[in-house]
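Step one of this worksheet: look at the structure below.
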Amino acid sequence: MRSFKASCARICPHVILCIFVAFMFLPLYLAIVAASHDGSTMMHAPLPIWPGTALFSNVKTVLTDGLVATGGEPVARMLLNSFLMAMLVASGKIFLALLSAFALVYFNFPGKRFCFALIFITMMLPVEVRIIPTFQLVASFGWLNSFAGLTLPLMASATATFLFRQFFKTIPGELVDAAKLDGAGPVRFFIDILLPLSKPHIASLFIIMFVYGWNQYLWPLLITTDTNMATIVMGIRYLAGVADQIPQWHYIMTVALIALLPPCLVVVTLQRWFEQGLRE
Amino acid sequence: MARFTQHSKTAFFFIVPQILVTLLFFIWPACGALLQSLFFSDAFGLHRSFAGLANFIDLFRSADYCQALWVTLLLAGSITFITMALGLALAVLVSGRRTGQQVYKTLLLWPYAVAPAVAAILWRFLFHPTLGWMTHILQAAGVDFNYVIHARQALAVVIMTASWQQFSYNFLFYFAALKMIPRGLIEAAIMDGASAWRRFWQIIFPLLSPTTFFLLTMNLIYSFFDTFGIIHVITNGGPGYSTTTLIYKVYEDGFVGMDSGSASAQSVVLMLLVIGLTLLQFRYLEKKVHYQ
C-alpha cells in the first residue's frame with residue numbers, strides 16, 4: 001500500500017505535466033492537421049483528426065502563388081517583409097541603446113539628466129497609446145508603406161538602454177584608464193573593448209527584440225495599405241476577414257504555421273540566450 | 001567611474017540618434033495626443049474648436065466607454081489570474097522533478113514566441129461555430145456553443161487564447177525564481193516537520209513575491225495592449241460591444257470612426273494607466289535593489 005502511494009506521488013506530477021503539455025500543443029497539432037488536407041476535406045464537419053498528405057503542396061501553393069483571399073500576394077513576399085522588419089527593429093533598437101548607454105555612462109555633458117529622463121519616458125509610451133498622432137506624423141512624412149515608417153517609431157528602447165547602462169557600470173574603470181594610457185579615444189574604446197564585452201547581452205536582447213518585431217500587428221496594420229508591404233502576421237488579417245465567406249482553412253492554417261515557425265525556432269534553438277534576455 | 005571627461009562633444013554624437021527618435025516618435029506624438037484631446041474635430045480634420053475637458057467628460061459619461069472599461073478590467077483580471085496561477089503551479093511541478101526539467105521547459109516555452117494574432121487564428125479555428133473541433137466536443141457535451149452570437153462565450157474564447165499565449169512568460173519567470181530559493185531554507189522547514197502545503201505557502205510563496213508583483217504588472221500591460229490582435233482577429237469587438245476593450249475602442253474611434261478628439265482623449269487615459277503601472281513597477285525595482 002505504501003509503495004503504491006509513493007509511486008503515485010511520483011507518477012502524478014508527471015501525468016499532469018504531460019496532459020498540460022499536450023494541451024499547449026493542441027492548437028499547433030490541429031493546425032498541422034488542417035494544413036495537411038485539401039480544401040474539400042476542410043469544408044464540412046466533421047473535420048479529420050489525423051494529418052493528411054497535402055501539407056507540402058499547400059505550403060508550395062501559399063508560398064509561390066498566393067491565394068485569392070490575400071489579394072493573390074504570395075506569402076514568400078510577406079515572409080521577407082516580416083524578416084526585414086524584425087531585423088531592422090531588433091538591430092535598430094540595440095544600436096541606439098548601445099550608443100546612448102555609452103554616452104550616459106562614460107561622459108559628462110550638459111543636459112545629461114534631461115536625456116536620461118527623456119529615454120525613461122519612452123518606457124511609458126508603448127506604440128498603442130500614441131498610435132493616432134504617430135500615424136499622422138508618419139503619414140505626413142510620406143512614410144506609409146515604407147520600412148522607415150514601419151520600424152523607426154518602434155526603435156527607441158528604454159529597457160535596452162537601461163540594460164546596457166547597468167552592464168557598462170559593472171565594467172571596471174581601470175579598463176578606461178588603461179585604454180587612455182594606450183592613447184585610445186572614446187570611439188576606439190567603444191569599438192575595441194565595450195562591444196566585444198557586450199556580445200552576450202547583445203545576443204540575448206536581439207532574440208527578444210526579433211520576436212517583438214516579428215509579432216507586431218497593430219502598427220503594420222495601419223502603416224501598410226499596399227499588399228506588397230504586408231507582413232505575414234498582419235497578413236493573417238486578410239485571411240481572417242474572408243474566412244467566413246471563402247472557407248480556405250487549409251491555406252489559412254498553412255500561413256499561420258509559416259508565420260509562427262520562425263520566431264518559435266529562434267526561441268527554442270537559442271533558448272539559453274532567450275531566457276537570459278528575458279530575465280534582464 | 002573613470003570617464004572621458006574632455007570629450008563631451010563626442011558624447012553628443014552617441015546620444016543624438018536615440019534622443020532624435022525619442023523626441024520625434026514618442027514625445028511629439030504624445031504631446032499631440034494631449035493637444036488633440038482638448039479639441040473637437042470633424043471627420044475630415046478640417047475644422048477644430050477648443051473643447052476643454054469636454055472630450056474626457058463625454059468619455060466617462062458614455063455607456064460604451066464604461067462598458068469597454070469594464071470589459072478590459074474583466075479580461076485583464078481573468079488573464080492575469082489564470083496565467084499566474086497556472087504558471088506558478090506548473091513551475092512548481094517542473095522544478096520538483098528530478099529529471100527532464102529542461103525538456104519540459106522547452107516544451108512549455110514556445111507559445112511565448114507565437115504572435116497574439118497568430119494564436120488567435122489557431123484558436124478561432126478550434127472554436128469555429130460549425131467546423132471547429134472544440135465546438136463539436138462542447139456540443140456533444142450539451143453546450144449550445146457559438147461565440148459569434150453569445151457574448152460570454154466570445155469573452156471566454158479571447159481569455160482562453162490570451163492565457164494560452166501568455167502562460168509561458170509566467171511559467172519561465174516563476175521557474176527561474178524557484179531555482180533561486182536556497183535549498184537550506186526548504187530543508188530547515190522539512191526538519192521542523194512542516195508539510196509540503198505549509199512549506200509552499202509560508203516559505204516559498206512569500207519568497208516569490210517580487211516575481212509575483214513583477215508578473216502582475218507585466219500581465220496587466222499585456223492584457224491592456226497585446227490582446228488587440230486577438231480581439232481583432234477573433235471577434236472584431238463583438239458580438240455587440242461585448243469584447244471591445246479600451247485599446248480596441250481607440251482603434252475603432254480613431255481609424256474607423258475618424259473621431260480623433262475622442263480617440264485622443266482615450267489615448268491619454270491609456271497613457272495615464274501605463275504611467276501608473278510603470279511607476280508602480282519601478283517602486284518594486286527600487287525595493288529589489290535595497291534587499292540585495
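Just remember, in the C-alpha cells the first chain shown is A, the second B, etc., residues are 1-based per chain, and ligands are 1-based in the order shown.
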Would you mind listing, as an mmCIF file with C-alpha atoms, in the first residue's frame, all residues of chain A that have at least one atom within 6 Å of chain B, where only C-alpha atoms are what counts?
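Output file out-v9.cif follows:
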data_model
loop_
_atom_site.group_PDB
_atom_site.id
_atom_site.type_symbol
_atom_site.label_atom_id
_atom_site.label_comp_id
_atom_site.auth_asym_id
_atom_site.auth_seq_id
_atom_site.Cartn_x
_atom_site.Cartn_y
_atom_site.Cartn_z
ATOM 1 C CA PRO A 27 -3.772 24.139 -31.391
ATOM 2 C CA ALA A 45 -17.823 18.886 -40.465
ATOM 3 C CA LEU A 96 20.547 53.127 -30.455
ATOM 4 C CA LEU A 99 25.289 54.273 -28.291
ATOM 5 C CA SER A 100 23.169 56.162 -25.800
ATOM 6 C CA ALA A 103 27.211 58.314 -23.739
ATOM 7 C CA TYR A 106 31.237 57.368 -19.839
ATOM 8 C CA PHE A 107 30.690 61.067 -20.425
ATOM 9 C CA PHE A 109 27.773 66.585 -20.740
ATOM 10 C CA MET A 124 5.632 54.577 -20.565
ATOM 11 C CA VAL A 129 -1.183 54.654 -26.679
ATOM 12 C CA ARG A 130 0.370 57.161 -29.070
ATOM 13 C CA PRO A 133 -0.601 61.086 -33.637
ATOM 14 C CA THR A 134 2.299 58.779 -34.559
ATOM 15 C CA PRO A 153 8.629 54.560 -34.427
ATOM 16 C CA GLY A 173 37.124 51.745 -14.536
ATOM 17 C CA ASN A 215 4.978 39.674 -33.904
ATOM 18 C CA ALA A 256 -0.413 30.526 -39.707
ATOM 19 C CA LEU A 260 4.724 31.105 -36.200
ATOM 20 C CA PRO A 263 10.087 33.114 -34.033
ATOM 21 C CA CYS A 264 9.430 29.769 -32.331
#
Run DSSP on the backbone of this structure and report the residues of range 110-290 of chain B it assigns to helix (DSSP H, G or I), as a short mmCIF file (atom, residue, chain, number, x, y, z; two decimals) with N, CA and C atoms, in the first residue's frame.
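Final file, part15.cif:
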data_model
loop_
_atom_site.label_atom_id
_atom_site.label_comp_id
_atom_site.auth_asym_id
_atom_site.auth_seq_id
_atom_site.Cartn_x
_atom_site.Cartn_y
_atom_site.Cartn_z
N TRP B 110 7.55 27.64 -25.95
CA TRP B 110 7.40 28.14 -27.32
C TRP B 110 6.19 29.03 -27.57
N PRO B 111 5.03 28.87 -26.86
CA PRO B 111 3.91 29.76 -27.20
C PRO B 111 4.24 31.24 -26.99
N TYR B 112 5.26 31.53 -26.17
CA TYR B 112 5.67 32.93 -25.99
C TYR B 112 5.99 33.58 -27.33
N ALA B 113 6.60 32.80 -28.23
CA ALA B 113 7.06 33.35 -29.50
C ALA B 113 5.95 33.43 -30.54
N PRO B 116 0.27 37.20 -30.93
CA PRO B 116 -1.12 37.13 -30.49
C PRO B 116 -2.09 36.91 -31.65
N ALA B 117 -1.85 37.59 -32.77
CA ALA B 117 -2.78 37.45 -33.89
C ALA B 117 -2.75 36.03 -34.46
N VAL B 118 -1.57 35.41 -34.47
CA VAL B 118 -1.46 34.04 -34.99
C VAL B 118 -2.10 33.06 -34.02
N ALA B 119 -1.85 33.25 -32.72
CA ALA B 119 -2.52 32.42 -31.72
C ALA B 119 -4.03 32.54 -31.90
N ALA B 120 -4.47 33.76 -32.19
CA ALA B 120 -5.90 33.99 -32.34
C ALA B 120 -6.49 33.20 -33.50
N ILE B 121 -5.77 33.15 -34.62
CA ILE B 121 -6.35 32.43 -35.77
C ILE B 121 -6.39 30.93 -35.48
N LEU B 122 -5.40 30.41 -34.74
CA LEU B 122 -5.42 28.99 -34.38
C LEU B 122 -6.65 28.68 -33.52
N TRP B 123 -6.87 29.49 -32.48
CA TRP B 123 -8.00 29.23 -31.58
C TRP B 123 -9.32 29.53 -32.24
N ARG B 124 -9.33 30.51 -33.14
CA ARG B 124 -10.57 30.80 -33.84
C ARG B 124 -11.04 29.60 -34.63
N PHE B 125 -10.07 28.91 -35.22
CA PHE B 125 -10.41 27.72 -36.00
C PHE B 125 -10.93 26.61 -35.07
N LEU B 126 -10.29 26.44 -33.91
CA LEU B 126 -10.74 25.39 -32.98
C LEU B 126 -12.17 25.64 -32.50
N TRP B 133 -13.23 21.83 -33.92
CA TRP B 133 -13.18 20.61 -33.12
C TRP B 133 -13.76 20.85 -31.72
N MET B 134 -13.33 21.96 -31.11
CA MET B 134 -13.78 22.28 -29.77
C MET B 134 -15.30 22.44 -29.74
N THR B 135 -15.84 23.10 -30.77
CA THR B 135 -17.28 23.31 -30.84
C THR B 135 -17.99 21.96 -30.82
N HIS B 136 -17.44 20.99 -31.57
CA HIS B 136 -18.08 19.68 -31.62
C HIS B 136 -18.05 18.98 -30.27
N ILE B 137 -16.90 19.11 -29.60
CA ILE B 137 -16.79 18.49 -28.28
C ILE B 137 -17.80 19.13 -27.32
N LEU B 138 -17.86 20.49 -27.37
CA LEU B 138 -18.77 21.20 -26.47
C LEU B 138 -20.23 20.87 -26.77
N GLN B 139 -20.54 20.76 -28.07
CA GLN B 139 -21.92 20.47 -28.42
C GLN B 139 -22.29 19.04 -28.03
N ALA B 140 -21.32 18.15 -28.14
CA ALA B 140 -21.56 16.78 -27.70
C ALA B 140 -21.83 16.75 -26.19
N ALA B 151 -22.22 36.53 -26.16
CA ALA B 151 -21.21 37.46 -25.68
C ALA B 151 -20.24 36.79 -24.70
N ARG B 152 -20.78 36.03 -23.76
CA ARG B 152 -19.91 35.43 -22.74
C ARG B 152 -18.94 34.44 -23.35
N GLN B 153 -19.43 33.68 -24.34
CA GLN B 153 -18.55 32.70 -24.97
C GLN B 153 -17.45 33.40 -25.75
N ALA B 154 -17.78 34.54 -26.37
CA ALA B 154 -16.76 35.30 -27.09
C ALA B 154 -15.66 35.74 -26.12
N LEU B 155 -16.08 36.27 -24.97
CA LEU B 155 -15.10 36.68 -23.95
C LEU B 155 -14.24 35.49 -23.52
N ALA B 156 -14.90 34.36 -23.31
CA ALA B 156 -14.17 33.17 -22.86
C ALA B 156 -13.13 32.76 -23.89
N VAL B 157 -13.48 32.82 -25.18
CA VAL B 157 -12.52 32.42 -26.22
C VAL B 157 -11.32 33.37 -26.22
N VAL B 158 -11.59 34.68 -26.06
CA VAL B 158 -10.49 35.65 -26.04
C VAL B 158 -9.59 35.39 -24.82
N ILE B 159 -10.20 35.16 -23.66
CA ILE B 159 -9.41 34.91 -22.45
C ILE B 159 -8.56 33.65 -22.61
N MET B 160 -9.20 32.63 -23.16
CA MET B 160 -8.52 31.35 -23.38
C MET B 160 -7.27 31.54 -24.27
N THR B 161 -7.46 32.24 -25.39
CA THR B 161 -6.36 32.45 -26.33
C THR B 161 -5.23 33.23 -25.69
N ALA B 162 -5.60 34.33 -25.02
CA ALA B 162 -4.58 35.18 -24.41
C ALA B 162 -3.84 34.41 -23.31
N SER B 163 -4.57 33.61 -22.53
CA SER B 163 -3.93 32.87 -21.44
C SER B 163 -2.99 31.82 -22.00
N TRP B 164 -3.42 31.17 -23.08
CA TRP B 164 -2.57 30.16 -23.72
C TRP B 164 -1.25 30.79 -24.14
N GLN B 165 -1.34 32.01 -24.68
CA GLN B 165 -0.14 32.65 -25.22
C GLN B 165 0.75 33.22 -24.12
N GLN B 166 0.13 33.78 -23.08
CA GLN B 166 0.89 34.49 -22.06
C GLN B 166 1.39 33.55 -20.95
N PHE B 167 0.86 32.33 -20.92
CA PHE B 167 1.25 31.38 -19.87
C PHE B 167 2.76 31.20 -19.80
N SER B 168 3.41 31.02 -20.96
CA SER B 168 4.84 30.69 -20.99
C SER B 168 5.68 31.71 -20.25
N TYR B 169 5.33 32.98 -20.42
CA TYR B 169 6.07 34.06 -19.79
C TYR B 169 6.04 33.91 -18.27
N ASN B 170 4.85 33.67 -17.74
CA ASN B 170 4.70 33.49 -16.29
C ASN B 170 5.45 32.26 -15.80
N PHE B 171 5.30 31.19 -16.57
CA PHE B 171 5.97 29.94 -16.20
C PHE B 171 7.48 30.15 -16.10
N LEU B 172 8.06 30.79 -17.12
CA LEU B 172 9.52 30.97 -17.15
C LEU B 172 10.01 31.78 -15.96
N PHE B 173 9.29 32.86 -15.65
CA PHE B 173 9.74 33.70 -14.54
C PHE B 173 9.61 33.00 -13.20
N TYR B 174 8.50 32.30 -12.99
CA TYR B 174 8.34 31.57 -11.73
C TYR B 174 9.37 30.45 -11.62
N PHE B 175 9.61 29.78 -12.75
CA PHE B 175 10.58 28.68 -12.72
C PHE B 175 11.95 29.20 -12.31
N ALA B 176 12.35 30.32 -12.93
CA ALA B 176 13.66 30.89 -12.60
C ALA B 176 13.72 31.33 -11.14
N ALA B 177 12.60 31.91 -10.66
CA ALA B 177 12.58 32.39 -9.27
C ALA B 177 12.66 31.23 -8.29
N LEU B 178 11.99 30.12 -8.61
CA LEU B 178 12.02 28.95 -7.73
C LEU B 178 13.43 28.40 -7.61
N LYS B 179 14.16 28.46 -8.74
CA LYS B 179 15.55 27.96 -8.74
C LYS B 179 16.44 28.77 -7.81
N MET B 180 16.06 30.04 -7.60
CA MET B 180 16.91 30.93 -6.81
C MET B 180 16.72 30.73 -5.30
N ARG B 183 18.28 26.03 -1.09
CA ARG B 183 17.84 24.70 -0.64
C ARG B 183 17.75 24.63 0.89
N GLY B 184 18.69 25.31 1.56
CA GLY B 184 18.79 25.23 3.01
C GLY B 184 17.49 25.61 3.71
N LEU B 185 16.82 26.64 3.19
CA LEU B 185 15.57 27.10 3.80
C LEU B 185 14.53 25.99 3.78
N ILE B 186 14.41 25.34 2.62
CA ILE B 186 13.41 24.28 2.47
C ILE B 186 13.76 23.11 3.39
N GLU B 187 15.07 22.78 3.41
CA GLU B 187 15.48 21.64 4.23
C GLU B 187 15.21 21.91 5.70
N ALA B 188 15.46 23.16 6.13
CA ALA B 188 15.20 23.51 7.53
C ALA B 188 13.72 23.32 7.85
N ALA B 189 12.86 23.72 6.91
CA ALA B 189 11.42 23.57 7.13
C ALA B 189 11.03 22.10 7.21
N ILE B 190 11.69 21.29 6.39
CA ILE B 190 11.39 19.85 6.42
C ILE B 190 11.79 19.28 7.78
N MET B 191 12.96 19.73 8.28
CA MET B 191 13.43 19.27 9.59
C MET B 191 12.43 19.64 10.68
N ALA B 196 4.29 19.76 3.06
CA ALA B 196 4.61 20.36 1.77
C ALA B 196 3.73 21.58 1.53
N TRP B 197 2.46 21.46 1.91
CA TRP B 197 1.50 22.54 1.73
C TRP B 197 1.92 23.78 2.50
N ARG B 198 2.30 23.62 3.78
CA ARG B 198 2.74 24.76 4.59
C ARG B 198 4.06 25.32 4.08
N ARG B 199 4.95 24.41 3.69
CA ARG B 199 6.24 24.88 3.15
C ARG B 199 6.00 25.82 1.99
N PHE B 200 5.04 25.43 1.14
CA PHE B 200 4.79 26.26 -0.04
C PHE B 200 4.25 27.62 0.36
N TRP B 201 3.17 27.64 1.14
CA TRP B 201 2.51 28.92 1.41
C TRP B 201 3.26 29.81 2.39
N GLN B 202 4.03 29.19 3.32
CA GLN B 202 4.67 30.04 4.33
C GLN B 202 6.12 30.37 4.03
N ILE B 203 6.74 29.61 3.15
CA ILE B 203 8.14 29.93 2.83
C ILE B 203 8.32 30.28 1.37
N ILE B 204 7.91 29.35 0.50
CA ILE B 204 8.20 29.57 -0.92
C ILE B 204 7.42 30.75 -1.48
N PHE B 205 6.11 30.77 -1.24
CA PHE B 205 5.29 31.81 -1.87
C PHE B 205 5.71 33.22 -1.45
N PRO B 206 5.93 33.48 -0.16
CA PRO B 206 6.41 34.83 0.21
C PRO B 206 7.75 35.19 -0.44
N LEU B 207 8.63 34.19 -0.60
CA LEU B 207 9.91 34.49 -1.23
C LEU B 207 9.74 34.83 -2.71
N SER B 209 7.42 36.72 -3.85
CA SER B 209 6.56 37.90 -4.02
C SER B 209 7.12 38.97 -4.97
N PRO B 210 8.45 39.22 -5.04
CA PRO B 210 8.89 40.18 -6.05
C PRO B 210 8.53 39.74 -7.46
N THR B 211 8.72 38.44 -7.74
CA THR B 211 8.35 37.92 -9.07
C THR B 211 6.85 38.06 -9.29
N THR B 212 6.07 37.74 -8.27
CA THR B 212 4.62 37.83 -8.40
C THR B 212 4.21 39.26 -8.74
N PHE B 213 4.83 40.21 -8.06
CA PHE B 213 4.46 41.60 -8.31
C PHE B 213 4.86 42.04 -9.72
N PHE B 214 6.07 41.66 -10.11
CA PHE B 214 6.54 42.00 -11.45
C PHE B 214 5.61 41.41 -12.51
N LEU B 215 5.26 40.12 -12.34
CA LEU B 215 4.40 39.47 -13.32
C LEU B 215 3.01 40.10 -13.34
N LEU B 216 2.55 40.53 -12.19
CA LEU B 216 1.24 41.17 -12.11
C LEU B 216 1.18 42.37 -13.05
N THR B 217 2.18 43.26 -12.94
CA THR B 217 2.15 44.45 -13.80
C THR B 217 2.35 44.07 -15.27
N MET B 218 3.26 43.11 -15.53
CA MET B 218 3.50 42.73 -16.92
C MET B 218 2.24 42.12 -17.55
N ASN B 219 1.54 41.29 -16.79
CA ASN B 219 0.32 40.67 -17.31
C ASN B 219 -0.77 41.69 -17.56
N LEU B 220 -0.85 42.69 -16.67
CA LEU B 220 -1.86 43.73 -16.87
C LEU B 220 -1.56 44.50 -18.15
N ILE B 221 -0.28 44.88 -18.33
CA ILE B 221 0.08 45.62 -19.55
C ILE B 221 -0.20 44.76 -20.78
N TYR B 222 0.14 43.47 -20.69
CA TYR B 222 -0.15 42.56 -21.81
C TYR B 222 -1.64 42.55 -22.11
N SER B 223 -2.46 42.40 -21.07
CA SER B 223 -3.90 42.30 -21.34
C SER B 223 -4.49 43.60 -21.86
N PHE B 224 -3.92 44.73 -21.44
CA PHE B 224 -4.44 46.00 -21.94
C PHE B 224 -4.12 46.19 -23.42
N PHE B 225 -2.89 45.85 -23.83
CA PHE B 225 -2.46 46.23 -25.17
C PHE B 225 -2.34 45.08 -26.16
N ASP B 226 -1.68 44.01 -25.75
CA ASP B 226 -1.38 42.97 -26.72
C ASP B 226 -2.59 42.12 -27.10
N THR B 227 -3.68 42.26 -26.34
CA THR B 227 -4.87 41.50 -26.72
C THR B 227 -5.55 42.09 -27.94
N PHE B 228 -5.07 43.27 -28.40
CA PHE B 228 -5.70 43.87 -29.57
C PHE B 228 -5.74 42.90 -30.75
N GLY B 229 -4.59 42.30 -31.05
CA GLY B 229 -4.51 41.37 -32.19
C GLY B 229 -5.50 40.23 -32.04
N ILE B 230 -5.61 39.71 -30.84
CA ILE B 230 -6.51 38.57 -30.59
C ILE B 230 -7.95 38.97 -30.85
N ILE B 231 -8.34 40.12 -30.29
CA ILE B 231 -9.73 40.55 -30.45
C ILE B 231 -10.03 40.90 -31.90
N HIS B 232 -9.08 41.56 -32.55
CA HIS B 232 -9.28 41.96 -33.94
C HIS B 232 -9.46 40.75 -34.84
N VAL B 233 -8.73 39.69 -34.56
CA VAL B 233 -8.81 38.50 -35.43
C VAL B 233 -10.01 37.62 -35.07
N ILE B 234 -10.30 37.46 -33.77
CA ILE B 234 -11.36 36.51 -33.40
C ILE B 234 -12.75 37.13 -33.43
N LEU B 246 -10.51 48.84 -24.21
CA LEU B 246 -10.13 50.25 -24.35
C LEU B 246 -9.29 50.46 -25.60
N ILE B 247 -8.27 49.61 -25.79
CA ILE B 247 -7.39 49.82 -26.93
C ILE B 247 -8.12 49.54 -28.24
N TYR B 248 -9.04 48.57 -28.24
CA TYR B 248 -9.81 48.30 -29.44
C TYR B 248 -10.70 49.49 -29.78
N LYS B 249 -11.20 50.14 -28.75
CA LYS B 249 -12.07 51.30 -28.96
C LYS B 249 -11.28 52.48 -29.52
N VAL B 250 -10.04 52.66 -29.05
CA VAL B 250 -9.20 53.72 -29.63
C VAL B 250 -9.07 53.50 -31.13
N TYR B 251 -8.80 52.26 -31.50
CA TYR B 251 -8.64 51.91 -32.92
C TYR B 251 -9.94 52.17 -33.68
N GLU B 252 -11.06 51.71 -33.12
CA GLU B 252 -12.37 51.87 -33.76
C GLU B 252 -12.70 53.34 -33.95
N ASP B 253 -12.58 54.12 -32.87
CA ASP B 253 -12.96 55.53 -32.95
C ASP B 253 -11.98 56.35 -33.75
N GLY B 254 -10.69 56.01 -33.65
CA GLY B 254 -9.66 56.82 -34.31
C GLY B 254 -9.51 56.51 -35.79
N PHE B 255 -9.57 55.22 -36.16
CA PHE B 255 -9.25 54.87 -37.53
C PHE B 255 -10.45 54.41 -38.34
N VAL B 256 -11.48 53.92 -37.67
CA VAL B 256 -12.67 53.52 -38.40
C VAL B 256 -13.70 54.64 -38.32
N SER B 260 -11.10 61.95 -34.03
CA SER B 260 -9.76 61.99 -33.44
C SER B 260 -9.77 62.65 -32.07
N GLY B 261 -10.73 63.54 -31.80
CA GLY B 261 -10.77 64.18 -30.49
C GLY B 261 -11.01 63.16 -29.39
N SER B 262 -12.08 62.38 -29.57
CA SER B 262 -12.41 61.37 -28.56
C SER B 262 -11.33 60.30 -28.48
N ALA B 263 -10.84 59.86 -29.64
CA ALA B 263 -9.81 58.80 -29.63
C ALA B 263 -8.56 59.29 -28.92
N SER B 264 -8.19 60.58 -29.11
CA SER B 264 -7.00 61.10 -28.44
C SER B 264 -7.23 61.16 -26.93
N ALA B 265 -8.44 61.55 -26.53
CA ALA B 265 -8.74 61.56 -25.10
C ALA B 265 -8.58 60.15 -24.54
N GLN B 266 -9.05 59.15 -25.31
CA GLN B 266 -8.90 57.77 -24.86
C GLN B 266 -7.43 57.37 -24.76
N SER B 267 -6.63 57.84 -25.76
CA SER B 267 -5.19 57.55 -25.70
C SER B 267 -4.58 58.12 -24.44
N VAL B 268 -5.00 59.34 -24.10
CA VAL B 268 -4.43 59.99 -22.92
C VAL B 268 -4.78 59.20 -21.66
N VAL B 269 -6.02 58.71 -21.59
CA VAL B 269 -6.41 57.88 -20.44
C VAL B 269 -5.52 56.65 -20.36
N LEU B 270 -5.31 56.00 -21.52
CA LEU B 270 -4.44 54.82 -21.55
C LEU B 270 -3.03 55.15 -21.10
N MET B 271 -2.55 56.32 -21.57
CA MET B 271 -1.20 56.75 -21.20
C MET B 271 -1.07 56.87 -19.70
N LEU B 272 -2.08 57.50 -19.07
CA LEU B 272 -2.04 57.65 -17.62
C LEU B 272 -2.00 56.28 -16.95
N LEU B 273 -2.76 55.35 -17.51
CA LEU B 273 -2.79 53.99 -16.97
C LEU B 273 -1.40 53.35 -17.00
N VAL B 274 -0.74 53.45 -18.17
CA VAL B 274 0.58 52.84 -18.30
C VAL B 274 1.58 53.53 -17.39
N ILE B 275 1.49 54.87 -17.31
CA ILE B 275 2.42 55.60 -16.45
C ILE B 275 2.26 55.13 -15.01
N GLY B 276 1.01 54.98 -14.58
CA GLY B 276 0.76 54.50 -13.24
C GLY B 276 1.39 53.14 -13.01
N LEU B 277 1.16 52.22 -13.94
CA LEU B 277 1.69 50.87 -13.79
C LEU B 277 3.22 50.86 -13.79
N THR B 278 3.81 51.68 -14.69
CA THR B 278 5.28 51.69 -14.78
C THR B 278 5.89 52.23 -13.49
N LEU B 279 5.29 53.29 -12.96
CA LEU B 279 5.83 53.86 -11.72
C LEU B 279 5.74 52.84 -10.58
N LEU B 280 4.60 52.13 -10.53
CA LEU B 280 4.44 51.07 -9.53
C LEU B 280 5.57 50.06 -9.65
N GLN B 281 5.84 49.67 -10.90
CA GLN B 281 6.86 48.66 -11.12
C GLN B 281 8.23 49.17 -10.71
N PHE B 282 8.45 50.48 -10.93
CA PHE B 282 9.76 51.00 -10.56
C PHE B 282 9.95 51.05 -9.07
N ARG B 283 8.87 51.28 -8.35
CA ARG B 283 8.99 51.21 -6.89
C ARG B 283 9.42 49.81 -6.47
N TYR B 284 8.87 48.81 -7.18
CA TYR B 284 9.26 47.44 -6.87
C TYR B 284 10.73 47.21 -7.18
N LEU B 285 11.19 47.74 -8.32
CA LEU B 285 12.60 47.55 -8.71
C LEU B 285 13.52 48.16 -7.67
N GLU B 286 13.16 49.35 -7.17
CA GLU B 286 13.96 50.01 -6.15
C GLU B 286 14.09 49.13 -4.91
N LYS B 287 12.94 48.57 -4.52
CA LYS B 287 12.93 47.69 -3.36
C LYS B 287 13.88 46.53 -3.56
N LYS B 288 13.80 45.95 -4.76
CA LYS B 288 14.61 44.77 -5.04
C LYS B 288 16.10 45.12 -4.86
N VAL B 289 16.48 46.30 -5.31
CA VAL B 289 17.87 46.73 -5.17
C VAL B 289 18.24 46.84 -3.70
N HIS B 290 17.31 47.37 -2.88
CA HIS B 290 17.58 47.53 -1.46
C HIS B 290 17.90 46.21 -0.77
#
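One finds CA of Ala90 in chain A at 18.6 Å from CA of Glu128 in chain A.
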>> Using DSSP secondary structure from the backbone, list all strand (DSSP E) positions within range 1-203 of chain B, as a PyMOL selection string.
In response: chain B and resi 39-41+48-50
How would the residues just picked look written out with N, CA and C atoms as a short mmCIF file (atom, residue, chain, number, x, y, z; two decimals), in the first residue's frame?
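part12.cif written:
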data_model
loop_
_atom_site.label_atom_id
_atom_site.label_comp_id
_atom_site.auth_asym_id
_atom_site.auth_seq_id
_atom_site.Cartn_x
_atom_site.Cartn_y
_atom_site.Cartn_z
N PHE B 39 -9.51 69.22 -28.21
CA PHE B 39 -10.26 69.86 -29.28
C PHE B 39 -11.35 68.96 -29.84
N PHE B 40 -12.42 69.58 -30.32
CA PHE B 40 -13.39 68.85 -31.14
C PHE B 40 -12.87 68.91 -32.58
N SER B 41 -13.02 67.85 -33.35
CA SER B 41 -12.68 67.99 -34.76
C SER B 41 -13.63 67.13 -35.57
N ARG B 48 -11.61 72.66 -36.34
CA ARG B 48 -11.32 72.32 -34.96
C ARG B 48 -11.84 73.41 -34.07
N SER B 49 -12.33 73.03 -32.93
CA SER B 49 -12.65 74.06 -31.96
C SER B 49 -12.25 73.57 -30.59
N PHE B 50 -11.89 74.53 -29.74
CA PHE B 50 -11.39 74.16 -28.43
C PHE B 50 -12.51 73.54 -27.59
#
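Look at Gly39 in chain A: the protein and nucleic acid residues within 9 Å of it, using only C-alpha atoms and passing over chain neighbours fewer than 5 places away, are Pro247, Gln248, Trp249, His250 and Tyr251 of chain A.
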For N, CA and C atoms, I'd like the residues from the last selection saved as an mmCIF file, in the first residue's frame.
data_model
loop_
_atom_site.group_PDB
_atom_site.id
_atom_site.type_symbol
_atom_site.label_atom_id
_atom_site.label_comp_id
_atom_site.auth_asym_id
_atom_site.auth_seq_id
_atom_site.Cartn_x
_atom_site.Cartn_y
_atom_site.Cartn_z
ATOM 1 N N PRO A 247 -14.294 29.677 -47.297
ATOM 2 C CA PRO A 247 -13.580 28.844 -46.328
ATOM 3 C C PRO A 247 -12.369 28.160 -46.951
ATOM 4 N N GLN A 248 -11.212 28.691 -46.698
ATOM 5 C CA GLN A 248 -9.976 28.082 -47.202
ATOM 6 C C GLN A 248 -9.104 27.756 -46.015
ATOM 7 N N TRP A 249 -9.669 27.081 -45.042
ATOM 8 C CA TRP A 249 -8.962 26.882 -43.790
ATOM 9 C C TRP A 249 -7.657 26.131 -43.969
ATOM 10 N N HIS A 250 -7.578 25.265 -44.974
ATOM 11 C CA HIS A 250 -6.317 24.539 -45.163
ATOM 12 C C HIS A 250 -5.195 25.505 -45.524
ATOM 13 N N TYR A 251 -5.512 26.548 -46.323
ATOM 14 C CA TYR A 251 -4.486 27.539 -46.652
ATOM 15 C C TYR A 251 -4.227 28.469 -45.466
#
>> So, with only C-alpha atoms as the atoms that count, which of A:Leu222, A:Met85, A:Ile19, A:Leu26 lies closest to Thr151 in chain A?
In response: A:Met85
